[in-house]
Amino acid sequence: MKKLWYFLSMFFLWSAPSLAQPQNLQTTTLINIGYSNVSIMSFGLHQNISITTASNPSVVDGAGFNSALIGTSTMQYLKFTIFGSGYSTKSIAVSLSAPLSSDYYNLVLATQTMSLLPYGSIPVDHGPVQLSATSKVWLSDIEYGATGSGPIDGIPFQYELQKNPNGSYATLSGAQEHVVIIFTIIE
Amino acid sequence: MKQVALLICITLLNANGIAQNLQSSEWVINPNTIDASDLAIPYTAGEVLPTTINLQATEDLSVNNVSNQVKWCIYAQLTPSTSANCSIVVTLGYNSPPVCVDALKTNYTLELNTVATPFISGKGTLNKGVVSYSLDNCSLPETSSEQYQIVYTIQTGSCPL
């Protein structure tokens, strides 16, 4: 009997390591990734933008302000990176820091042809936008997107100086007018 | 009677060993939030996320109660997710004892997918295997958060080449 117990003991001792071998055991790790609500934008050109009007006034058309389109800026590009939040869209609004000094003309932001963004869908364009001290939505329905940061990446647009059909010639002055244009991301 | 007690002890030891072979030091990892500083050119409008984002997140894997002669393989698998924005990569770094890991059959850097894939091949006890995580090939996030669940499974035998 003792021999039998001895045999059984040895068997279990011998088999202990093999019984302890891994048997499809598992462990699980959960990684939570959080994204900040990133919305940043800038412009392709940072220098001052100018619209030059006619330099040779005449008796016939005065300062050259009689045509509907008085002057146009160079092409501008708005660049942005916007992370999605999953529950809301973002818009970009534009306004002037102060009203224009003359009502004879309007300053208009005119969107040019938009191509597909590298990431995200093309925003809904509400242009052309007549700029005023009141903020107006220019681009909307941006869930997420990035325009690229190259020199001509971004949403192309131009500033146009247009004649206001209801404006008064008497409000014109000979001085230059400087305006500050404010772009705002709205969620 | 003594023999019976010995048998019971051995049996209990075996059962206990099976229950504690593979362990990880973390259940849930919350890396730092990804923000504008993580863009390919930080804080630059128009930029997107870079090819690789190091999550600065690590955990320790360990294999215990295994005979020194027993070879094993840890498989890694990503559970299916519909909102995954990136690939997730796990990297084995420091491991102790180093002789435990079979370098020839270990995938030190592994891009996880929904199929269990051989990761670490070893033998005997692994006291500590430090694994770190990074994101690869991310597009812009469409939501404010994502979850990746990784399942590690241990099986006997070396990892297949």
# chains A, B, ... in the order shown; residues from 1 in each chain; ligands from 1
>>> interface_residues(of="chain A", to="chain B", cutoff="6 Å", atoms="only C-alpha atoms", output="short mmCIF file (atom, residue, chain, number, x, y, z; two decimals) with C-alpha atoms, in the first residue's frame")
data_model
loop_
_atom_site.label_atom_id
_atom_site.label_comp_id
_atom_site.auth_asym_id
_atom_site.auth_seq_id
_atom_site.Cartn_x
_atom_site.Cartn_y
_atom_site.Cartn_z
CA PRO A 17 4.75 21.35 -14.07
CA ALA A 20 0.68 24.24 -14.68
CA GLN A 21 1.29 24.97 -18.34
CA PRO A 22 -0.65 27.84 -19.88
CA ASN A 24 -5.37 29.69 -23.25
CA LEU A 25 -5.39 32.19 -20.45
CA GLN A 26 -6.22 35.77 -21.24
CA THR A 27 -5.81 39.26 -19.92
CA THR A 28 -7.39 42.36 -21.34
CA THR A 29 -6.29 45.98 -21.55
CA LEU A 30 -8.56 48.87 -22.46
CA ILE A 31 -6.96 52.00 -23.90
CA ASN A 32 -9.04 55.16 -23.85
CA ILE A 33 -7.94 57.78 -26.36
CA GLY A 34 -9.22 61.32 -25.84
CA TYR A 35 -9.04 64.07 -28.43
CA SER A 36 -8.99 67.72 -27.51
CA ILE A 40 -7.22 76.36 -35.31
CA MET A 41 -6.98 78.50 -38.44
CA SER A 42 -4.57 80.83 -40.17
CA LYS A 79 -6.29 77.13 -43.59
CA PHE A 80 -7.80 75.22 -40.72
CA THR A 81 -7.55 72.06 -38.71
CA PHE A 83 -11.09 67.86 -34.87
CA GLY A 84 -14.53 66.33 -34.82
CA SER A 85 -16.48 66.18 -31.62
CA GLY A 86 -19.06 63.67 -32.78
CA ALA A 146 -7.87 69.87 -42.42
CA THR A 147 -7.00 71.95 -45.43
CA GLY A 148 -3.28 71.31 -45.64
CA SER A 149 -0.74 73.93 -44.62
#
>>> select_by_dssp(residues="region 4-185 of chain A", states="strand (DSSP E)", output="JSON, numbers by chain")
{"A": [25, 26, 27, 28, 29, 30, 31, 32, 33, 34, 39, 40, 41, 42, 43, 69, 70, 71, 72, 76, 77, 78, 79, 80, 81, 82, 90, 91, 92, 93, 94, 95, 96, 105, 106, 107, 108, 109, 110, 111, 119, 120, 124, 125, 129, 130, 136, 137, 138, 139, 140, 141, 142, 145, 146, 155, 156, 157, 158, 159, 160, 161, 162, 163, 181, 182, 183, 184, 185]}
>>> atom_distance(atom1="CA of Val108 (chain A)", atom2="CA of Phe65 (chain A)")
15.3 Å
>>> closest_residue(among="B:Cys138, B:Thr109, B:Ala84, B:Tyr94", to="Ile53 (chain B)", atoms="only C-alpha atoms")
B:Cys138
>>> residues_around(residues="Thr184 (chain A)", least_positions_apart="2", cutoff="7 Å", atoms="only C-alpha atoms", output="PyMOL selection string")
chain A and resi 92-94+182+186
>>> select_by_dssp(residues="chain A", states="helix (DSSP H, G or I)", output="MDAnalysis selection string")
chainID A and resid 2:19 169:171
>>> atom_distance(atom1="CA of Leu139 (chain A)", atom2="CA of Ser95 (chain A)")
12.9 Å
>>> residues_around(residues="Thr89 (chain A)", least_positions_apart="3", cutoff="6 Å", atoms="only C-alpha atoms", output="count of residues only")
3
>>> atom_distance(atom1="CA of Gly145 (chain A)", atom2="CA of Tyr159 (chain A)")
23.9 Å
>>> closest_residue(among="B:Cys159, B:Leu104, B:Val130, B:Asp136", to="Pro50 (chain B)", atoms="only C-alpha atoms")
B:Asp136
